[in-house]
Structure formats: C-alpha cells, structure tokens
$ cat input14.txt   # compact mmCIF, C-alpha atoms and all ligand atoms
# COMPACT_ATOMS: atom_id res chain seq x y z
CA MET A 1 -34.36 -62.14 -48.91
CA ASN A 2 -36.98 -59.60 -50.03
CA ASP A 3 -36.64 -60.86 -53.61
CA GLN A 4 -37.41 -64.39 -52.47
CA VAL A 5 -40.52 -63.13 -50.64
CA THR A 6 -41.86 -61.17 -53.61
CA ALA A 7 -41.09 -64.09 -55.96
CA HIS A 8 -43.13 -66.35 -53.65
CA TYR A 9 -46.21 -64.11 -53.93
CA SER A 10 -45.98 -62.69 -57.45
CA GLY A 11 -47.40 -65.68 -59.35
CA GLY A 12 -47.19 -65.49 -63.13
CA GLY A 13 -47.92 -61.73 -63.37
CA GLY A 14 -51.04 -60.03 -64.76
CA LEU A 15 -52.89 -60.91 -61.57
CA ALA A 16 -55.83 -58.48 -61.90
CA GLU A 17 -56.44 -59.60 -65.49
CA ALA A 18 -56.29 -63.25 -64.44
CA ILE A 19 -58.79 -62.65 -61.60
CA ALA A 20 -61.07 -60.70 -63.95
CA GLY A 21 -60.91 -63.57 -66.43
CA ARG A 22 -62.03 -66.11 -63.82
CA PHE A 23 -65.02 -63.99 -62.82
CA LYS A 24 -65.99 -63.45 -66.48
CA ASP A 25 -65.71 -67.21 -67.16
CA ALA A 26 -68.10 -67.73 -64.24
CA GLY A 27 -70.57 -65.34 -65.91
CA ARG A 28 -69.98 -62.52 -63.45
CA ASP A 29 -70.08 -58.84 -64.38
CA LEU A 30 -66.94 -57.12 -62.96
CA GLY A 31 -68.88 -53.89 -62.32
CA ALA A 32 -71.35 -55.76 -60.11
CA LEU A 33 -68.78 -57.52 -57.90
CA THR A 34 -68.86 -56.84 -54.15
CA THR A 35 -66.10 -57.03 -51.54
CA THR A 36 -67.67 -60.31 -50.39
CA ASP A 37 -67.30 -61.79 -53.90
CA LEU A 38 -63.58 -60.92 -53.85
CA ALA A 39 -62.97 -62.36 -50.37
CA THR A 40 -62.08 -65.86 -51.61
CA VAL A 41 -58.97 -64.42 -53.25
CA ASP A 42 -58.19 -61.09 -51.54
CA GLU A 43 -58.56 -61.92 -47.82
CA PHE A 44 -55.32 -63.87 -47.87
CA HIS A 45 -55.11 -65.09 -44.29
CA ILE A 46 -56.57 -67.84 -42.12
CA ARG A 47 -60.34 -67.40 -41.48
CA GLY A 48 -60.54 -64.72 -44.20
CA ARG A 49 -63.07 -61.89 -44.04
CA ALA A 50 -64.52 -63.01 -40.68
CA ALA A 51 -61.12 -62.56 -39.04
CA THR A 52 -60.72 -59.10 -40.59
CA LEU A 53 -64.13 -58.01 -39.28
CA GLU A 54 -63.32 -59.37 -35.80
CA LEU A 55 -60.13 -57.31 -35.74
CA GLY A 56 -61.86 -54.22 -37.15
CA ALA A 57 -64.51 -54.34 -34.44
CA ARG A 58 -61.80 -53.68 -31.86
CA MET A 59 -59.99 -50.88 -33.74
CA ARG A 60 -62.30 -47.97 -32.75
CA LEU A 61 -62.66 -46.94 -36.41
CA ARG A 62 -64.71 -43.93 -37.54
CA ASP A 63 -65.40 -42.43 -40.95
CA ASP A 64 -62.60 -39.88 -40.46
CA SER A 65 -60.00 -42.44 -39.29
CA GLN A 66 -56.74 -42.72 -41.22
CA VAL A 67 -55.72 -46.39 -41.15
CA LEU A 68 -52.52 -48.13 -42.26
CA ASP A 69 -52.49 -51.77 -43.41
CA ILE A 70 -48.94 -53.15 -43.21
CA GLY A 71 -48.41 -56.03 -45.67
CA SER A 72 -51.73 -55.33 -47.38
CA GLY A 73 -51.50 -58.01 -50.09
CA LEU A 74 -54.37 -57.85 -52.60
CA GLY A 75 -56.14 -55.36 -50.31
CA GLY A 76 -59.11 -57.37 -49.05
CA PRO A 77 -58.75 -56.35 -45.37
CA ALA A 78 -58.23 -52.67 -46.34
CA ARG A 79 -61.39 -52.63 -48.50
CA THR A 80 -63.44 -54.58 -45.96
CA LEU A 81 -62.73 -52.05 -43.19
CA ALA A 82 -63.08 -48.98 -45.47
CA GLU A 83 -66.48 -50.25 -46.60
CA ARG A 84 -67.68 -51.18 -43.10
CA TYR A 85 -66.49 -48.05 -41.25
CA GLY A 86 -66.12 -45.43 -44.02
CA CYS A 87 -62.49 -44.90 -42.95
CA HIS A 88 -59.53 -44.16 -45.26
CA VAL A 89 -57.03 -47.00 -45.56
CA THR A 90 -53.49 -46.89 -46.96
CA GLY A 91 -52.01 -50.28 -47.75
CA ILE A 92 -48.29 -50.90 -48.04
CA ASP A 93 -46.80 -54.12 -49.36
CA LEU A 94 -43.42 -55.39 -50.52
CA THR A 95 -44.86 -57.22 -53.55
CA ALA A 96 -45.45 -54.77 -56.42
CA ALA A 97 -47.63 -57.28 -58.30
CA PHE A 98 -49.99 -57.39 -55.31
CA CYS A 99 -50.09 -53.56 -55.02
CA ASP A 100 -50.98 -53.21 -58.72
CA ALA A 101 -53.73 -55.82 -58.48
CA ALA A 102 -54.99 -54.29 -55.21
CA GLU A 103 -55.49 -50.93 -56.97
CA ALA A 104 -57.44 -52.61 -59.78
CA LEU A 105 -59.71 -54.61 -57.44
CA THR A 106 -60.40 -51.45 -55.42
CA GLY A 107 -61.60 -49.71 -58.57
CA TRP A 108 -63.95 -52.60 -59.41
CA VAL A 109 -65.81 -52.20 -56.11
CA GLY A 110 -65.82 -48.37 -56.17
CA LEU A 111 -63.58 -47.74 -53.15
CA ALA A 112 -60.70 -45.91 -54.88
CA ASP A 113 -61.52 -42.63 -53.13
CA ARG A 114 -60.90 -44.22 -49.71
CA VAL A 115 -58.38 -47.03 -50.25
CA THR A 116 -54.91 -46.64 -51.78
CA PHE A 117 -51.83 -48.82 -52.01
CA ARG A 118 -48.11 -48.28 -52.37
CA GLN A 119 -45.15 -50.58 -52.65
CA GLY A 120 -42.79 -50.49 -49.67
CA ASP A 121 -41.11 -52.37 -46.84
CA ALA A 122 -42.73 -52.79 -43.41
CA THR A 123 -39.29 -52.45 -41.79
CA ASP A 124 -38.85 -48.93 -43.22
CA LEU A 125 -42.30 -47.33 -43.53
CA PRO A 126 -42.27 -44.23 -45.79
CA PHE A 127 -44.67 -42.21 -43.60
CA GLU A 128 -44.14 -39.38 -41.15
CA LYS A 129 -44.48 -39.70 -37.37
CA ASP A 130 -48.04 -39.67 -35.92
CA ARG A 131 -49.60 -40.00 -39.41
CA PHE A 132 -52.27 -42.66 -38.64
CA ASP A 133 -55.12 -43.11 -36.15
CA ALA A 134 -54.97 -46.91 -36.40
CA ALA A 135 -52.86 -49.61 -38.04
CA MET A 136 -53.20 -53.32 -38.68
CA THR A 137 -50.99 -56.09 -39.93
CA ILE A 138 -52.42 -59.47 -40.91
CA HIS A 139 -50.25 -62.50 -41.69
CA ALA A 140 -47.31 -60.45 -43.01
CA ALA A 141 -44.66 -60.63 -40.26
CA MET A 142 -44.24 -64.38 -40.83
CA ASN A 143 -42.02 -63.41 -43.80
CA ILE A 144 -40.03 -60.80 -41.87
CA ALA A 145 -37.01 -61.58 -39.68
CA ALA A 146 -36.62 -57.99 -38.36
CA LYS A 147 -39.97 -57.86 -36.57
CA ASP A 148 -38.58 -55.36 -34.05
CA LYS A 149 -38.24 -52.89 -36.93
CA VAL A 150 -41.81 -53.54 -38.13
CA TYR A 151 -43.32 -52.81 -34.71
CA ALA A 152 -41.02 -49.80 -34.05
CA ASN A 153 -42.12 -48.35 -37.41
CA ALA A 154 -45.78 -49.01 -36.61
CA LYS A 155 -45.39 -47.23 -33.26
CA ARG A 156 -43.69 -44.25 -34.93
CA VAL A 157 -46.38 -43.66 -37.58
CA LEU A 158 -49.29 -44.09 -35.13
CA LYS A 159 -50.66 -41.18 -33.14
CA PRO A 160 -50.27 -41.57 -29.36
CA GLY A 161 -53.21 -43.67 -28.17
CA GLY A 162 -53.81 -45.09 -31.66
CA VAL A 163 -54.79 -48.75 -32.02
CA PHE A 164 -52.45 -51.33 -33.53
CA ALA A 165 -54.15 -54.62 -34.47
CA VAL A 166 -51.92 -57.62 -35.19
CA TYR A 167 -53.10 -61.01 -36.45
CA ASP A 168 -50.37 -63.52 -37.20
CA VAL A 169 -49.30 -67.11 -37.47
CA LEU A 170 -46.97 -67.92 -34.58
CA GLN A 171 -44.63 -70.81 -33.79
CA GLY A 172 -46.50 -73.35 -31.68
CA GLU A 173 -45.21 -75.82 -29.11
CA GLY A 174 -45.84 -78.90 -31.30
CA GLY A 175 -42.61 -78.91 -33.34
CA ASP A 176 -41.26 -77.66 -36.65
CA VAL A 177 -43.62 -76.46 -39.38
CA PHE A 178 -44.39 -78.77 -42.32
CA PHE A 179 -43.64 -76.95 -45.62
CA PRO A 180 -44.88 -75.78 -48.09
CA VAL A 181 -47.32 -73.39 -46.39
CA PRO A 182 -49.11 -70.39 -47.95
CA TRP A 183 -46.45 -67.90 -46.81
CA ALA A 184 -43.37 -69.99 -47.73
CA ARG A 185 -42.47 -73.02 -49.80
CA GLU A 186 -39.43 -73.67 -47.62
CA PRO A 187 -38.07 -72.39 -44.28
CA SER A 188 -35.68 -69.66 -45.55
CA ILE A 189 -38.46 -67.04 -45.86
CA SER A 190 -40.45 -68.18 -42.81
CA HIS A 191 -39.72 -66.36 -39.54
CA LEU A 192 -42.18 -67.39 -36.86
CA VAL A 193 -41.98 -66.30 -33.23
CA THR A 194 -43.68 -67.87 -30.21
CA PRO A 195 -46.58 -66.18 -28.37
CA GLU A 196 -44.16 -65.27 -25.56
CA GLU A 197 -41.69 -63.69 -28.01
CA MET A 198 -44.53 -61.76 -29.67
CA VAL A 199 -45.57 -60.17 -26.37
CA THR A 200 -41.96 -59.12 -25.74
CA LEU A 201 -41.61 -57.67 -29.27
CA LEU A 202 -44.80 -55.61 -28.98
CA THR A 203 -44.11 -54.30 -25.49
CA ASP A 204 -40.45 -53.54 -26.33
CA ALA A 205 -41.72 -51.40 -29.25
CA GLY A 206 -43.70 -49.36 -26.72
CA PHE A 207 -47.19 -50.85 -27.17
CA LYS A 208 -49.56 -51.71 -24.36
CA ILE A 209 -51.41 -54.95 -25.19
CA SER A 210 -55.10 -54.65 -24.28
CA HIS A 211 -56.56 -57.84 -25.81
CA VAL A 212 -55.22 -61.21 -26.96
CA HIS A 213 -57.20 -63.89 -28.84
CA ASP A 214 -55.79 -67.33 -29.71
CA SER A 215 -57.94 -68.60 -32.61
CA THR A 216 -55.96 -71.80 -33.30
CA GLU A 217 -58.96 -74.15 -32.93
CA GLU A 218 -61.13 -72.04 -35.26
CA SER A 219 -58.23 -71.90 -37.74
CA GLN A 220 -57.92 -75.69 -37.71
CA VAL A 221 -61.62 -76.07 -38.59
CA TRP A 222 -61.30 -73.39 -41.32
CA PHE A 223 -58.43 -75.25 -43.01
CA GLU A 224 -60.12 -78.66 -42.61
CA GLU A 225 -63.16 -77.25 -44.42
CA MET A 226 -61.00 -75.67 -47.15
CA PHE A 227 -59.11 -78.93 -47.68
CA GLU A 228 -62.38 -80.88 -47.91
CA ARG A 229 -63.87 -78.41 -50.44
CA MET A 230 -60.75 -78.73 -52.61
CA ALA A 231 -60.82 -82.53 -52.36
CA ASN A 232 -64.45 -82.47 -53.55
CA ALA A 233 -63.66 -79.88 -56.27
CA VAL A 234 -66.21 -77.47 -54.73
CA THR A 235 -64.41 -74.15 -55.18
CA PRO A 236 -65.49 -70.56 -55.90
CA PRO A 237 -64.51 -68.84 -59.22
CA VAL A 238 -61.21 -67.48 -57.80
CA THR A 239 -59.05 -68.75 -54.95
CA PHE A 240 -55.49 -68.25 -53.66
CA LYS A 241 -54.49 -70.85 -56.28
CA ILE A 242 -54.38 -68.04 -58.86
CA PHE A 243 -51.09 -66.83 -57.32
CA LEU A 244 -49.97 -69.80 -55.16
CA GLY A 245 -50.42 -72.27 -58.04
CA GLU A 246 -50.82 -76.02 -57.94
CA ASP A 247 -49.18 -76.28 -54.48
CA LEU A 248 -52.30 -74.94 -52.76
CA PRO A 249 -53.88 -78.35 -51.92
CA VAL A 250 -50.55 -79.54 -50.40
CA MET A 251 -50.26 -76.27 -48.46
CA ALA A 252 -53.81 -76.69 -47.12
CA ARG A 253 -53.10 -80.28 -46.08
CA ASN A 254 -49.90 -79.18 -44.31
CA GLN A 255 -51.78 -76.40 -42.54
CA VAL A 256 -54.30 -78.92 -41.18
CA ARG A 257 -51.36 -80.93 -39.80
CA ASN A 258 -49.52 -77.83 -38.53
CA LEU A 259 -52.63 -76.61 -36.70
CA THR A 260 -53.70 -80.02 -35.39
CA ASP A 261 -50.24 -80.67 -33.93
CA ARG A 262 -50.02 -77.06 -32.64
CA ARG A 263 -46.84 -76.61 -34.71
CA ILE A 264 -48.42 -73.23 -35.45
CA ARG A 265 -50.91 -71.04 -33.62
CA THR A 266 -52.98 -68.11 -34.87
CA VAL A 267 -53.15 -65.24 -32.40
CA SER A 268 -54.39 -61.65 -32.60
CA TYR A 269 -53.36 -58.72 -30.43
CA ILE A 270 -54.99 -55.35 -29.92
CA CYS A 271 -52.39 -52.83 -28.76
CA GLU A 272 -52.44 -49.18 -27.77
CA ALA A 273 -49.67 -46.90 -29.07
C1 LIG A 301 -50.08 -63.87 -46.56
S1 LIG A 301 -50.03 -62.30 -47.33
C2 LIG A 301 -51.24 -61.38 -46.39
C3 LIG A 301 -51.80 -60.21 -47.16
C4 LIG A 301 -52.89 -59.43 -46.45
N1 LIG A 301 -52.44 -58.89 -45.18
C5 LIG A 301 -54.13 -60.24 -46.25
O1 LIG A 301 -54.35 -60.66 -45.12
O2 LIG A 301 -54.87 -60.46 -47.21
C6 LIG A 301 -48.47 -61.62 -46.74
C7 LIG A 301 -48.13 -60.30 -47.37
O3 LIG A 301 -47.04 -59.71 -46.66
C8 LIG A 301 -46.25 -59.03 -47.61
N2 LIG A 301 -44.91 -58.79 -47.05
C9 LIG A 301 -43.97 -59.70 -46.73
N3 LIG A 301 -42.87 -59.10 -46.27
C10 LIG A 301 -43.11 -57.76 -46.28
C11 LIG A 301 -42.37 -56.60 -45.93
N4 LIG A 301 -41.09 -56.69 -45.48
N5 LIG A 301 -42.95 -55.39 -46.06
C12 LIG A 301 -44.21 -55.28 -46.54
N6 LIG A 301 -44.96 -56.34 -46.91
C13 LIG A 301 -44.43 -57.57 -46.77
C14 LIG A 301 -46.26 -59.94 -48.81
O4 LIG A 301 -45.85 -59.28 -49.99
C15 LIG A 301 -47.71 -60.39 -48.82
O5 LIG A 301 -48.50 -59.53 -49.59
$ encode --input "input14.txt" --output "structure tokens"
Amino acid sequence: MNDQVTAHYSGGGGLAEAIAGRFKDAGRDLGALTTTDLATVDEFHIRGRAATLELGARMRLRDDSQVLDIGSGLGGPARTLAERYGCHVTGIDLTAAFCDAAEALTGWVGLADRVTFRQGDATDLPFEKDRFDAAMTIHAAMNIAAKDKVYANAKRVLKPGGVFAVYDVLQGEGGDVFFPVPWAREPSISHLVTPEEMVTLLTDAGFKISHVHDSTEESQVWFEEMFERMANAVTPPVTFKIFLGEDLPVMARNQVRNLTDRRIRTVSYICEA
C-alpha cells in the first residue's frame, strides 16, 4: 500500500531539478525566489498558502517552538510557518522524492537552519515522547487507512497542552468520490472518513478539539478558479502538474464536481494534546 502511495506522488524523479528548470525557463533567478513564488507547487493542498496561514494563526507558534509537519510533501507549509513565526519545523513524509526536493527548495529560500525533512511513516513516527510544542498535518491522512495510529503517534510526540492542527479532505454526504483526484488516481489508496468519524478519531486519541472550520464552499471556489485558469492556459511557471502529470486538469474538474456535490468536504481542526 505504501509503495502505491509513494508511486502516486513521486513523478518522474529529479523533482528539484525539474522545478529549477521551469523557474529558469521563466527567467527567474533561483537565489531570488521567495516562499510565495514556490507556493504554486509546494503548498500541495486545497486553498494553498492561505489555508496554511489560517491554520498557523491558531497554533500559538513562537520563535522557539519546535513544530512537526506530518506528511510534509514538498515542504511549503513547513517553510511558510518557519518564515512567518521564526519557529523550527521538522517535516516527515513517506515519499523520499518529496523529502529530497523539500530539502533543496528549503536551501533556495535560505531556511535550512530552521526547516528539515526526513523520510518516514506517519503511523510510526520516529520521535521520542513529548518532543514537539505543536504539530500539523495537511491533506496527508486521505492516503492512510490506519488514521488511529497517526493521531496516537501525534499525541505521543506532542508535549501535554501542545497544539495539533489538522486540515483534511473528508468524505461528504453527496456520494462516492469521482476519481482521479490529486491524492489518488483510483480508490485503493484513498481512505476518507466523515466529519463525525474524524471527531471520534481525534477524541479517541486523547485530543480535545477546540476549533472546527468547514471550508468546503471556499474550496469549491478555489478549484473552480484553478480549473478556469488551466482551461485558459493562464498558469504560473510551476504547478502540481510537474509531479501529477497530464491528469491534473481532469483531477481539477473532478474536484469541482466532488466539492459541488458535497462528495467531499474540507475541514480543519485545532486540537489540544
Ligand atoms: C497531498 S500531499 C500534501 C503535502 C503537504 N502536507 C502539503 O500540504 O503541501 C500528501 C502527502 O502525504 C504523504 N503521505 C501519505 N501517506 C503517508 C504516510 N503514511 N506517512 C507520511 N506521509 C504520508 C505523501 O507522501 C504526500 O507527500
């Protein structure tokens, strides 16, 4: 199962070089890139950087905070929060190709002293108890069947009272998901739970939920706008297409349908450990 997930995300390999090439072709100097420039490719979740900043604003982050990003992908959310709050962020992700590229992109924007990545599985986090002040997970659990293990691990590595921020795609009431979608080309690696199941999972892991935000309507608008930009060939130098490939327009169209029909919902949770 894990192999299928990493194969889905790995693309053709050489991801950092491919991203660098696109920026160079667009006349951009790699050394002058900002985290905002990278956001069209490295904030790999619905509503991108804005959603990361919304979550970060509720995580009580300080410049001495140690933060864990579970399922960190190309590292956009980790860099965004490290830059905004001066905190240290450790990202962990199953896909080695993403971890390697995440390290490279972090170097480009000068954040390597505060943001690091390692390959690993969210269901078996390689960190000691009470290691982190805060943790987040954005759009990663949709690929993970054993969500109880993910949240139990998050609880274990967080200090008592630490904040756990979760932002995920959930199963909606409108019916089965249309595939392909950005996290899965077919159902075998897609494991969505309903909002009710999510509350049970988080509370069973020992978290107290202090804030819930259902952003489904905003997500629908975000995907409608993305689909329209692609249809009009108005795209930035680098997009998710660099690892998702030619399926991206079909995935975006399906996401508009999935969100419009409420086959999926996007919901964030702020929890206290
Ligand atoms: C849609 S991407 C989101 C990446 C990142 N959180 C972001 O928002 O930009 C999902 C990520 O979850 C990772 N992932 C899936 N299953 C995982 C697991 N069992 N442990 C750690 N990471 C996992 C994938 O490798 C992928 O990088």
$ atom_distance --input "input14.txt" --atom1 "CA of Ala16 (chain A)" --atom2 "CA of Leu248 (chain A)"
19.2 Å
$ closest_residue --input "input14.txt" --among "A:Val181, A:Leu15, A:Leu170, A:Ala273" --to "Cys99 (chain A)" --atoms "only C-alpha atoms"
A:Leu15
$ residues_around --input "input14.txt" --residues "Phe178 (chain A)" --least-positions-apart "5" --cutoff "9 Å" --atoms "all atoms listed in the file" --output "number ranges by chain"
A: 186, 251, 254-255, 257-258, 263
$ closest_atom_pairs --input "input14.txt" --of "chain A" --to "ligand LIG 301 (chain A)" --cutoff "7 Å" --atoms "only C-alpha atoms and all ligand atoms" --output "tab-separated table"
residue	atom	partner	partner_atom	distance
A:Asn2	CA	A:LIG301	N4	6.8
A:Val5	CA	A:LIG301	C9	6.2
A:Thr6	CA	A:LIG301	O4	5.7
A:Tyr9	CA	A:LIG301	O4	6.2
A:Asp42	CA	A:LIG301	O2	5.5
A:Glu43	CA	A:LIG301	O2	4.0
A:Phe44	CA	A:LIG301	O2	3.5
A:His45	CA	A:LIG301	O1	4.6
A:Ile70	CA	A:LIG301	C12	6.2
A:Gly71	CA	A:LIG301	N6	3.7
A:Ser72	CA	A:LIG301	N1	4.2
A:Gly73	CA	A:LIG301	O5	3.4
A:Leu74	CA	A:LIG301	O2	6.0
A:Gly75	CA	A:LIG301	O2	6.1
A:Gly76	CA	A:LIG301	O2	5.6
A:Pro77	CA	A:LIG301	O2	5.9
A:Ile92	CA	A:LIG301	C12	6.2
A:Asp93	CA	A:LIG301	N6	3.8
A:Leu94	CA	A:LIG301	N6	4.0
A:Thr95	CA	A:LIG301	O4	4.2
A:Phe98	CA	A:LIG301	O5	6.3
A:Gly120	CA	A:LIG301	C12	5.9
A:Asp121	CA	A:LIG301	N5	3.6
A:Ala122	CA	A:LIG301	N5	3.7
A:Thr123	CA	A:LIG301	N4	5.9
A:Thr137	CA	A:LIG301	N1	6.1
A:Ile138	CA	A:LIG301	N1	4.3
A:His139	CA	A:LIG301	C2	4.9
A:Ala140	CA	A:LIG301	O3	3.7
A:Ala141	CA	A:LIG301	N3	6.5
A:Asn143	CA	A:LIG301	N3	5.0
A:Ile144	CA	A:LIG301	N3	5.5
A:Pro182	CA	A:LIG301	C1	6.7
A:Trp183	CA	A:LIG301	C1	5.4
$ write_last_selection --input "input14.txt" --atoms "C-alpha atoms" --output "CSV table (one decimal), in the frame of the given file"
chain,number,residue,atom,x,y,z
A,2,ASN,CA,-37.0,-59.6,-50.0
A,5,VAL,CA,-40.5,-63.1,-50.6
A,6,THR,CA,-41.9,-61.2,-53.6
A,9,TYR,CA,-46.2,-64.1,-53.9
A,42,ASP,CA,-58.2,-61.1,-51.5
A,43,GLU,CA,-58.6,-61.9,-47.8
A,44,PHE,CA,-55.3,-63.9,-47.9
A,45,HIS,CA,-55.1,-65.1,-44.3
A,70,ILE,CA,-48.9,-53.2,-43.2
A,71,GLY,CA,-48.4,-56.0,-45.7
A,72,SER,CA,-51.7,-55.3,-47.4
A,73,GLY,CA,-51.5,-58.0,-50.1
A,74,LEU,CA,-54.4,-57.8,-52.6
A,75,GLY,CA,-56.1,-55.4,-50.3
A,76,GLY,CA,-59.1,-57.4,-49.0
A,77,PRO,CA,-58.8,-56.4,-45.4
A,92,ILE,CA,-48.3,-50.9,-48.0
A,93,ASP,CA,-46.8,-54.1,-49.4
A,94,LEU,CA,-43.4,-55.4,-50.5
A,95,THR,CA,-44.9,-57.2,-53.6
A,98,PHE,CA,-50.0,-57.4,-55.3
A,120,GLY,CA,-42.8,-50.5,-49.7
A,121,ASP,CA,-41.1,-52.4,-46.8
A,122,ALA,CA,-42.7,-52.8,-43.4
A,123,THR,CA,-39.3,-52.4,-41.8
A,137,THR,CA,-51.0,-56.1,-39.9
A,138,ILE,CA,-52.4,-59.5,-40.9
A,139,HIS,CA,-50.2,-62.5,-41.7
A,140,ALA,CA,-47.3,-60.4,-43.0
A,141,ALA,CA,-44.7,-60.6,-40.3
A,143,ASN,CA,-42.0,-63.4,-43.8
A,144,ILE,CA,-40.0,-60.8,-41.9
A,182,PRO,CA,-49.1,-70.4,-48.0
A,183,TRP,CA,-46.4,-67.9,-46.8
$ closest_atom_pairs --input "input14.txt" --of "region 164-244 of chain A" --to "region 48-60 of chain A" --cutoff "9 Å" --atoms "all atoms listed in the file" --output "CSV"
residue,atom,partner,partner_atom,distance
A:Phe164,CA,A:Met59,CA,7.6
A:Ala165,CA,A:Leu55,CA,6.7
A:Val166,CA,A:Leu55,CA,8.2
A:Tyr167,CA,A:Leu55,CA,8.0
$ atom_distance --input "input14.txt" --atom1 "CA of Lys129 (chain A)" --atom2 "CA of Ala78 (chain A)"
20.9 Å
$ closest_residue --input "input14.txt" --among "A:Ala231, A:Ala97, A:Ile270, A:Leu68" --to "Val157 (chain A)" --atoms "all atoms listed in the file"
A:Leu68
$ atom_distance --input "input14.txt" --atom1 "CA of Ser268 (chain A)" --atom2 "CA of Thr80 (chain A)"
17.6 Å
$ closest_residue --input "input14.txt" --among "A:Arg229, A:Lys241, A:Arg131, A:Arg84" --to "Gly12 (chain A)" --atoms "all atoms listed in the file"
A:Lys241
$ residues_around --input "input14.txt" --residues "Gly162 (chain A)" --least-positions-apart "6" --cutoff "6 Å" --atoms "only C-alpha atoms" --output "MDAnalysis selection string"
chainID A and resid 133:134 272:273
$ closest_residue --input "input14.txt" --among "A:Gly172, A:Pro236, A:Pro187, A:Pro180" --to "Arg262 (chain A)" --atoms "all atoms listed in the file"
A:Gly172
$ closest_residue --input "input14.txt" --among "A:Val41, A:Leu81, A:Val250, A:Met230" --to "Ala102 (chain A)" --atoms "all atoms listed in the file"
A:Val41
$ build_atoms --input "input14.txt" --residues "region 159-166 of chain A" --atoms "all heavy atoms" --output "PDB file, in the coordinates of the input"
ATOM      1  N   LYS A 159     -50.495 -42.242 -34.133  1.00  0.00           N
ATOM      2  CA  LYS A 159     -50.660 -41.180 -33.140  1.00  0.00           C
ATOM      3  C   LYS A 159     -50.636 -41.790 -31.743  1.00  0.00           C
ATOM      4  O   LYS A 159     -51.081 -42.937 -31.567  1.00  0.00           O
ATOM      5  CB  LYS A 159     -52.010 -40.488 -33.351  1.00  0.00           C
ATOM      6  CG  LYS A 159     -52.067 -39.667 -34.612  1.00  0.00           C
ATOM      7  CD  LYS A 159     -53.431 -39.051 -34.811  1.00  0.00           C
ATOM      8  CE  LYS A 159     -53.436 -38.329 -36.152  1.00  0.00           C
ATOM      9  NZ  LYS A 159     -54.770 -38.135 -36.704  1.00  0.00           N
ATOM     10  N   PRO A 160     -50.209 -41.042 -30.733  1.00  0.00           N
ATOM     11  CA  PRO A 160     -50.270 -41.570 -29.360  1.00  0.00           C
ATOM     12  C   PRO A 160     -51.709 -41.980 -29.032  1.00  0.00           C
ATOM     13  O   PRO A 160     -52.645 -41.246 -29.340  1.00  0.00           O
ATOM     14  CB  PRO A 160     -49.822 -40.374 -28.512  1.00  0.00           C
ATOM     15  CG  PRO A 160     -49.005 -39.535 -29.444  1.00  0.00           C
ATOM     16  CD  PRO A 160     -49.611 -39.702 -30.805  1.00  0.00           C
ATOM     17  N   GLY A 161     -51.874 -43.177 -28.484  1.00  0.00           N
ATOM     18  CA  GLY A 161     -53.210 -43.670 -28.170  1.00  0.00           C
ATOM     19  C   GLY A 161     -53.873 -44.408 -29.324  1.00  0.00           C
ATOM     20  O   GLY A 161     -54.953 -44.987 -29.163  1.00  0.00           O
ATOM     21  N   GLY A 162     -53.242 -44.392 -30.500  1.00  0.00           N
ATOM     22  CA  GLY A 162     -53.810 -45.090 -31.660  1.00  0.00           C
ATOM     23  C   GLY A 162     -53.796 -46.606 -31.454  1.00  0.00           C
ATOM     24  O   GLY A 162     -53.003 -47.131 -30.680  1.00  0.00           O
ATOM     25  N   VAL A 163     -54.676 -47.293 -32.175  1.00  0.00           N
ATOM     26  CA  VAL A 163     -54.790 -48.750 -32.020  1.00  0.00           C
ATOM     27  C   VAL A 163     -53.939 -49.466 -33.064  1.00  0.00           C
ATOM     28  O   VAL A 163     -53.951 -49.102 -34.241  1.00  0.00           O
ATOM     29  CB  VAL A 163     -56.268 -49.208 -32.197  1.00  0.00           C
ATOM     30  CG1 VAL A 163     -56.377 -50.732 -32.112  1.00  0.00           C
ATOM     31  CG2 VAL A 163     -57.154 -48.559 -31.151  1.00  0.00           C
ATOM     32  N   PHE A 164     -53.210 -50.482 -32.618  1.00  0.00           N
ATOM     33  CA  PHE A 164     -52.450 -51.330 -33.530  1.00  0.00           C
ATOM     34  C   PHE A 164     -52.993 -52.753 -33.394  1.00  0.00           C
ATOM     35  O   PHE A 164     -52.900 -53.356 -32.324  1.00  0.00           O
ATOM     36  CB  PHE A 164     -50.965 -51.282 -33.150  1.00  0.00           C
ATOM     37  CG  PHE A 164     -50.057 -52.072 -34.067  1.00  0.00           C
ATOM     38  CD1 PHE A 164     -50.274 -52.136 -35.438  1.00  0.00           C
ATOM     39  CD2 PHE A 164     -48.947 -52.742 -33.547  1.00  0.00           C
ATOM     40  CE1 PHE A 164     -49.430 -52.852 -36.278  1.00  0.00           C
ATOM     41  CE2 PHE A 164     -48.087 -53.450 -34.386  1.00  0.00           C
ATOM     42  CZ  PHE A 164     -48.336 -53.507 -35.741  1.00  0.00           C
ATOM     43  N   ALA A 165     -53.572 -53.273 -34.480  1.00  0.00           N
ATOM     44  CA  ALA A 165     -54.150 -54.620 -34.470  1.00  0.00           C
ATOM     45  C   ALA A 165     -53.230 -55.561 -35.246  1.00  0.00           C
ATOM     46  O   ALA A 165     -52.880 -55.286 -36.395  1.00  0.00           O
ATOM     47  CB  ALA A 165     -55.535 -54.592 -35.112  1.00  0.00           C
ATOM     48  N   VAL A 166     -52.859 -56.655 -34.602  1.00  0.00           N
ATOM     49  CA  VAL A 166     -51.920 -57.620 -35.190  1.00  0.00           C
ATOM     50  C   VAL A 166     -52.589 -58.989 -35.214  1.00  0.00           C
ATOM     51  O   VAL A 166     -53.144 -59.417 -34.198  1.00  0.00           O
ATOM     52  CB  VAL A 166     -50.646 -57.715 -34.308  1.00  0.00           C
ATOM     53  CG1 VAL A 166     -49.675 -58.746 -34.876  1.00  0.00           C
ATOM     54  CG2 VAL A 166     -49.977 -56.365 -34.147  1.00  0.00           C
TER      55      VAL A 166
END
